[in-house]
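Below is coords-v4.cif, which holds mmCIF, C-alpha atoms.
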data_coords
loop_
_atom_site.group_PDB
_atom_site.id
_atom_site.type_symbol
_atom_site.label_atom_id
_atom_site.label_comp_id
_atom_site.auth_asym_id
_atom_site.auth_seq_id
_atom_site.Cartn_x
_atom_site.Cartn_y
_atom_site.Cartn_z
ATOM 1 C CA ASP A 1 140.431 -75.179 213.149
ATOM 2 C CA THR A 2 139.777 -78.352 215.112
ATOM 3 C CA ALA A 3 142.827 -79.174 217.222
ATOM 4 C CA VAL A 4 142.159 -82.897 217.729
ATOM 5 C CA SER A 5 139.684 -84.430 215.333
ATOM 6 C CA GLN A 6 138.266 -87.925 215.310
ATOM 7 C CA THR A 7 136.234 -89.699 212.682
ATOM 8 C CA PRO A 8 133.635 -90.987 212.704
ATOM 9 C CA LYS A 9 131.711 -89.391 215.555
ATOM 10 C CA TYR A 10 129.234 -92.256 215.662
ATOM 11 C CA LEU A 11 129.808 -95.849 214.657
ATOM 12 C CA VAL A 12 127.201 -98.615 214.819
ATOM 13 C CA THR A 13 128.323 -102.057 213.767
ATOM 14 C CA GLN A 14 127.600 -105.729 214.263
ATOM 15 C CA MET A 15 129.494 -108.137 216.460
ATOM 16 C CA GLY A 16 132.431 -109.744 214.727
ATOM 17 C CA ASN A 17 133.109 -106.846 212.386
ATOM 18 C CA ASP A 18 136.408 -104.985 212.103
ATOM 19 C CA LYS A 19 136.380 -101.199 212.336
ATOM 20 C CA SER A 20 138.785 -98.283 212.536
ATOM 21 C CA ILE A 21 138.639 -94.896 214.203
ATOM 22 C CA LYS A 22 140.889 -92.156 212.909
ATOM 23 C CA CYS A 23 142.487 -89.352 214.897
ATOM 24 C CA GLU A 24 144.472 -86.355 213.736
ATOM 25 C CA GLN A 25 145.935 -83.442 215.669
ATOM 26 C CA ASN A 26 147.200 -80.203 214.163
ATOM 27 C CA LEU A 27 148.854 -78.923 217.327
ATOM 28 C CA GLY A 28 152.321 -80.218 216.587
ATOM 29 C CA HIS A 29 152.263 -82.427 219.685
ATOM 30 C CA ASP A 30 154.530 -85.431 220.021
ATOM 31 C CA THR A 31 152.326 -87.465 222.357
ATOM 32 C CA MET A 32 148.948 -88.940 221.519
ATOM 33 C CA TYR A 33 146.573 -91.177 223.464
ATOM 34 C CA TRP A 34 143.494 -93.305 223.180
ATOM 35 C CA TYR A 35 141.080 -93.418 226.109
ATOM 36 C CA LYS A 36 137.947 -95.506 226.537
ATOM 37 C CA GLN A 37 134.980 -94.015 228.390
ATOM 38 C CA ASP A 38 132.503 -96.596 229.604
ATOM 39 C CA SER A 39 128.800 -96.213 230.284
ATOM 40 C CA LYS A 40 129.562 -94.927 233.790
ATOM 41 C CA LYS A 41 131.754 -92.172 232.330
ATOM 42 C CA PHE A 42 134.987 -93.723 233.609
ATOM 43 C CA LEU A 43 137.975 -92.753 231.447
ATOM 44 C CA LYS A 44 140.644 -95.395 231.100
ATOM 45 C CA ILE A 45 143.900 -95.014 229.194
ATOM 46 C CA MET A 46 144.360 -97.588 226.460
ATOM 47 C CA PHE A 47 147.449 -96.518 224.558
ATOM 48 C CA SER A 48 149.996 -93.733 224.515
ATOM 49 C CA TYR A 49 152.312 -92.929 221.637
ATOM 50 C CA ASN A 50 155.245 -90.542 221.635
ATOM 51 C CA ASN A 51 156.550 -89.481 218.241
ATOM 52 C CA LYS A 52 155.034 -92.549 216.556
ATOM 53 C CA GLU A 53 156.391 -94.994 219.134
ATOM 54 C CA LEU A 54 154.228 -96.944 221.558
ATOM 55 C CA ILE A 55 154.911 -95.856 225.134
ATOM 56 C CA ILE A 56 152.026 -97.277 227.108
ATOM 57 C CA ASN A 57 149.832 -100.236 226.323
ATOM 58 C CA GLU A 58 147.488 -100.863 229.194
ATOM 59 C CA THR A 59 145.624 -104.098 229.631
ATOM 60 C CA VAL A 60 143.717 -104.017 226.387
ATOM 61 C CA PRO A 61 142.684 -107.039 224.314
ATOM 62 C CA ASN A 62 144.989 -107.595 221.369
ATOM 63 C CA ARG A 63 141.957 -107.139 219.117
ATOM 64 C CA PHE A 64 142.736 -103.439 219.577
ATOM 65 C CA SER A 65 145.681 -102.263 217.517
ATOM 66 C CA PRO A 66 146.808 -98.645 217.355
ATOM 67 C CA LYS A 67 148.700 -97.380 214.351
ATOM 68 C CA SER A 68 150.612 -94.139 214.092
ATOM 69 C CA PRO A 69 151.693 -93.391 210.496
ATOM 70 C CA ASP A 70 153.157 -90.062 211.630
ATOM 71 C CA LYS A 71 153.167 -88.076 214.835
ATOM 72 C CA ALA A 72 150.029 -86.153 213.841
ATOM 73 C CA HIS A 73 147.909 -89.290 213.467
ATOM 74 C CA LEU A 74 146.970 -92.121 215.786
ATOM 75 C CA ASN A 75 144.364 -94.502 214.462
ATOM 76 C CA LEU A 76 142.654 -97.292 216.364
ATOM 77 C CA HIS A 77 141.728 -100.529 214.639
ATOM 78 C CA ILE A 78 139.469 -103.016 216.365
ATOM 79 C CA ASN A 79 139.070 -106.594 215.158
ATOM 80 C CA SER A 80 136.222 -108.980 215.895
ATOM 81 C CA LEU A 81 134.112 -106.425 217.724
ATOM 82 C CA GLU A 82 132.266 -107.560 220.861
ATOM 83 C CA LEU A 83 129.261 -106.122 222.674
ATOM 84 C CA GLY A 84 131.523 -105.030 225.527
ATOM 85 C CA ASP A 85 133.493 -102.806 223.177
ATOM 86 C CA SER A 86 130.560 -100.405 223.077
ATOM 87 C CA ALA A 87 131.821 -97.167 224.585
ATOM 88 C CA VAL A 88 133.006 -93.691 223.695
ATOM 89 C CA TYR A 89 136.602 -93.623 222.517
ATOM 90 C CA PHE A 90 138.581 -90.430 222.929
ATOM 91 C CA CYS A 91 141.766 -89.440 221.219
ATOM 92 C CA ALA A 92 143.975 -86.848 222.917
ATOM 93 C CA SER A 93 147.363 -85.224 222.467
ATOM 94 C CA SER A 94 149.874 -83.480 224.717
ATOM 95 C CA PRO A 95 152.699 -81.007 224.157
ATOM 96 C CA PRO A 96 156.249 -81.685 225.343
ATOM 97 C CA GLY A 97 156.257 -81.981 229.119
ATOM 98 C CA ASN A 98 152.748 -83.432 228.894
ATOM 99 C CA THR A 99 151.373 -80.679 231.095
ATOM 100 C CA GLU A 100 147.959 -80.801 229.493
ATOM 101 C CA ALA A 101 145.927 -83.135 227.311
ATOM 102 C CA PHE A 102 143.760 -81.880 224.459
ATOM 103 C CA PHE A 103 140.835 -84.118 223.628
ATOM 104 C CA GLY A 104 138.898 -84.882 220.501
ATOM 105 C CA GLN A 105 135.114 -84.939 220.467
ATOM 106 C CA GLY A 106 134.957 -88.691 220.899
ATOM 107 C CA THR A 107 133.659 -91.591 218.832
ATOM 108 C CA ARG A 108 130.590 -93.341 220.167
ATOM 109 C CA LEU A 109 130.922 -96.988 219.187
ATOM 110 C CA THR A 110 127.839 -99.182 219.479
ATOM 111 C CA VAL A 111 128.194 -102.887 218.808
ATOM 112 C CA VAL A 112 124.912 -104.698 218.163
ATOM 113 C CA ALA B 1 151.523 -94.948 241.498
ATOM 114 C CA GLN B 2 149.138 -92.069 241.050
ATOM 115 C CA SER B 3 145.405 -92.013 241.564
ATOM 116 C CA VAL B 4 142.532 -89.617 241.945
ATOM 117 C CA THR B 5 139.385 -89.907 244.045
ATOM 118 C CA GLN B 6 136.380 -87.744 243.403
ATOM 119 C CA LEU B 7 133.923 -87.764 246.285
ATOM 120 C CA GLY B 8 130.344 -87.853 245.135
ATOM 121 C CA SER B 9 129.303 -89.112 241.736
ATOM 122 C CA HIS B 10 126.536 -86.476 241.686
ATOM 123 C CA VAL B 11 126.376 -82.992 243.167
ATOM 124 C CA SER B 12 123.165 -81.001 243.030
ATOM 125 C CA VAL B 13 123.007 -77.245 243.616
ATOM 126 C CA SER B 14 120.560 -74.435 243.034
ATOM 127 C CA GLU B 15 121.321 -71.748 240.496
ATOM 128 C CA GLY B 16 123.343 -69.030 242.239
ATOM 129 C CA ALA B 17 124.628 -71.341 244.968
ATOM 130 C CA LEU B 18 128.234 -72.259 245.675
ATOM 131 C CA VAL B 19 129.660 -75.157 243.703
ATOM 132 C CA LEU B 20 132.155 -77.448 245.452
ATOM 133 C CA LEU B 21 133.462 -80.547 243.720
ATOM 134 C CA ARG B 22 135.953 -82.600 245.687
ATOM 135 C CA CYS B 23 139.127 -84.240 244.461
ATOM 136 C CA ASN B 24 141.823 -86.022 246.439
ATOM 137 C CA TYR B 25 144.947 -87.414 244.883
ATOM 138 C CA SER B 26 147.709 -89.785 245.727
ATOM 139 C CA SER B 27 151.122 -89.382 244.200
ATOM 140 C CA SER B 28 154.586 -90.267 245.401
ATOM 141 C CA VAL B 29 156.042 -87.106 243.879
ATOM 142 C CA PRO B 30 154.665 -83.582 243.349
ATOM 143 C CA PRO B 31 151.840 -83.952 240.898
ATOM 144 C CA TYR B 32 150.322 -81.926 238.148
ATOM 145 C CA LEU B 33 146.576 -81.645 238.724
ATOM 146 C CA PHE B 34 143.764 -80.801 236.359
ATOM 147 C CA TRP B 35 140.046 -80.277 236.198
ATOM 148 C CA TYR B 36 138.245 -81.033 232.961
ATOM 149 C CA VAL B 37 134.604 -80.479 232.050
ATOM 150 C CA GLN B 38 132.582 -82.647 229.682
ATOM 151 C CA TYR B 39 129.304 -81.357 228.317
ATOM 152 C CA PRO B 40 126.827 -83.898 226.915
ATOM 153 C CA ASN B 41 128.091 -85.585 223.758
ATOM 154 C CA GLN B 42 131.270 -83.532 223.816
ATOM 155 C CA GLY B 43 134.944 -84.142 224.443
ATOM 156 C CA LEU B 44 136.798 -83.001 227.546
ATOM 157 C CA GLN B 45 137.725 -79.346 227.920
ATOM 158 C CA LEU B 46 140.379 -78.135 230.325
ATOM 159 C CA LEU B 47 139.013 -75.888 233.090
ATOM 160 C CA LEU B 48 142.253 -75.298 234.955
ATOM 161 C CA LYS B 49 145.557 -76.878 235.912
ATOM 162 C CA TYR B 50 148.087 -76.846 238.733
ATOM 163 C CA THR B 51 151.713 -77.338 237.745
ATOM 164 C CA SER B 52 153.595 -76.350 240.927
ATOM 165 C CA ALA B 53 153.165 -72.601 240.629
ATOM 166 C CA ALA B 54 150.504 -70.710 242.615
ATOM 167 C CA THR B 55 148.420 -73.010 244.804
ATOM 168 C CA LEU B 56 145.197 -71.154 243.994
ATOM 169 C CA VAL B 57 144.455 -71.653 240.342
ATOM 170 C CA LYS B 58 141.849 -69.728 238.409
ATOM 171 C CA GLY B 59 140.258 -71.270 235.370
ATOM 172 C CA ILE B 60 137.646 -70.568 232.773
ATOM 173 C CA ASN B 61 133.961 -69.880 233.421
ATOM 174 C CA GLY B 62 134.601 -68.545 236.944
ATOM 175 C CA PHE B 63 135.969 -71.807 238.365
ATOM 176 C CA GLU B 64 138.973 -72.032 240.634
ATOM 177 C CA ALA B 65 140.761 -74.741 242.585
ATOM 178 C CA GLU B 66 143.213 -74.765 245.446
ATOM 179 C CA PHE B 67 146.075 -77.210 245.769
ATOM 180 C CA LYS B 68 146.483 -78.277 249.400
ATOM 181 C CA LYS B 69 149.442 -80.565 249.828
ATOM 182 C CA SER B 70 148.714 -81.266 253.508
ATOM 183 C CA GLU B 71 145.261 -82.541 252.581
ATOM 184 C CA THR B 72 146.281 -84.019 249.209
ATOM 185 C CA SER B 73 143.297 -82.202 247.777
ATOM 186 C CA PHE B 74 142.462 -80.132 244.720
ATOM 187 C CA HIS B 75 138.815 -79.173 245.154
ATOM 188 C CA LEU B 76 137.007 -77.204 242.459
ATOM 189 C CA THR B 77 134.795 -74.258 243.396
ATOM 190 C CA LYS B 78 132.637 -71.616 241.815
ATOM 191 C CA PRO B 79 130.908 -68.940 243.895
ATOM 192 C CA SER B 80 127.656 -68.912 241.965
ATOM 193 C CA ALA B 81 126.347 -71.768 239.837
ATOM 194 C CA HIS B 82 124.779 -71.140 236.471
ATOM 195 C CA MET B 83 122.464 -73.456 234.605
ATOM 196 C CA SER B 84 125.097 -73.777 231.873
ATOM 197 C CA ASP B 85 127.534 -75.308 234.407
ATOM 198 C CA ALA B 86 125.562 -78.562 234.400
ATOM 199 C CA ALA B 87 128.034 -81.123 233.078
ATOM 200 C CA GLU B 88 130.404 -83.919 234.068
ATOM 201 C CA TYR B 89 133.575 -82.801 235.826
ATOM 202 C CA PHE B 90 136.772 -84.836 235.944
ATOM 203 C CA CYS B 91 139.798 -84.407 238.140
ATOM 204 C CA ALA B 92 143.052 -85.759 236.705
ATOM 205 C CA VAL B 93 146.626 -86.199 237.881
ATOM 206 C CA ILE B 94 149.959 -86.509 236.145
ATOM 207 C CA GLN B 95 152.882 -87.718 238.175
ATOM 208 C CA SER B 96 155.891 -85.606 237.285
ATOM 209 C CA GLY B 97 158.890 -87.729 236.432
ATOM 210 C CA GLY B 98 156.684 -90.671 235.643
ATOM 211 C CA SER B 99 154.900 -91.729 232.499
ATOM 212 C CA TYR B 100 153.129 -88.367 232.233
ATOM 213 C CA ILE B 101 149.903 -90.148 231.346
ATOM 214 C CA PRO B 102 146.852 -88.353 232.763
ATOM 215 C CA THR B 103 144.933 -90.528 235.224
ATOM 216 C CA PHE B 104 141.330 -89.527 235.695
ATOM 217 C CA GLY B 105 138.907 -89.720 238.582
ATOM 218 C CA ARG B 106 135.510 -91.292 238.045
ATOM 219 C CA GLY B 107 133.856 -87.955 237.441
ATOM 220 C CA THR B 108 131.213 -85.905 239.241
ATOM 221 C CA SER B 109 127.988 -84.972 237.564
ATOM 222 C CA LEU B 110 126.957 -81.417 238.471
ATOM 223 C CA ILE B 111 123.219 -80.819 238.431
ATOM 224 C CA VAL B 112 121.989 -77.244 238.622
ATOM 225 C CA HIS B 113 118.393 -76.556 239.632
ATOM 226 C CA PRO B 114 116.605 -73.330 238.691
#
Representation of the structure as structure tokens:
Amino acid sequence: DTAVSQTPKYLVTQMGNDKSIKCEQNLGHDTMYWYKQDSKKFLKIMFSYNNKELIINETVPNRFSPKSPDKAHLNLHINSLELGDSAVYFCASSPPGNTEAFFGQGTRLTVV
Amino acid sequence: AQSVTQLGSHVSVSEGALVLLRCNYSSSVPPYLFWYVQYPNQGLQLLLKYTSAATLVKGINGFEAEFKKSETSFHLTKPSAHMSDAAEYFCAVIQSGGSYIPTFGRGTSLIVHP
């Protein structure tokens, strides 16, 4: 019974390719996020959605496009991948009041 | 604006010794504060949280943290370290009444020696 699940767990791809990472939560939460964790373990918010609507879009290249088909899913599509996109991407969700974030296991993206 | 500072990117202790991981926050309004743990190749797991109730918060795995408003601190402690505690620890803050987006510190790597 995985609460927040991401697929794939590992993704190795060449520069210039387009790839997607999928995220699903079965907790009934309204709010979902994407975070990027760099090689120094720093976690930076990328996007936040509340009930399928974009709430926060931090300074992220427009090659990154989140899509939320319903409030249980928040997918991340990345166009024209660059070496600097290599990182671990975490999906998370929060209940109403956002008093806690539940994280997925992460997707390790390696661009070669 | 909210932010979190974790002092020390690495903390090394002997098994059985006290663990102290430091976190200071800045927030213009009363914050919610969290400690998360990340084991290698895993996601983040909540250890404990402060949401304006008791200032001493007990979490999982024997960890606790104390909210000290006068010091703007939320340090994480454990009386006796275990080898299995070796992991990355993140302090996070949510500013109540704001965007409610968790902002994370840069993390502290806890190393436990036998």
Exercise. Nearest to Ile55 of chain A: which of B:Tyr25, B:Tyr100, B:Tyr39, B:Phe67 is it, counting only C-alpha atoms?
Worked result: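 Checking each of B:Tyr25, B:Tyr100, B:Tyr39, B:Phe67 against Ile55 of chain A, counting only C-alpha atoms, the winner is B:Tyr100.
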Problem set entry | One-decimal distance in Å that lies between atom CA of Pro40 of chain B and atom CA of Leu7 of chain B |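 Going from atom CA of Leu7 of chain B over to atom CA of Pro40 of chain B, I get 21.0 Å.
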For this session: Using the chain letters and numbering of this document, enumerate as a VMD selection string the residues selected by the PyMOL selection byres ((chain A) within 8 of (chain B)).
Result: chain A and resid 41 to 45 48 90 97 to 106
For this session: Run through the PyMOL selection byres ((chain B and resi 20) around 6) on the given coordinates and return the selected residues as a count of residues only.
Result: 4
Problem set entry | For atom CA of His113 of chain B and atom CA of Ala17 of chain B, the interatomic separation in Å (one decimal) |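 About the pair atom CA of His113 of chain B and atom CA of Ala17 of chain B: they are 9.7 Å apart.
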Problem set entry | Resolved residues for the PyMOL selection byres ((chain A and resi 26) around 8) as a count of residues only | 9
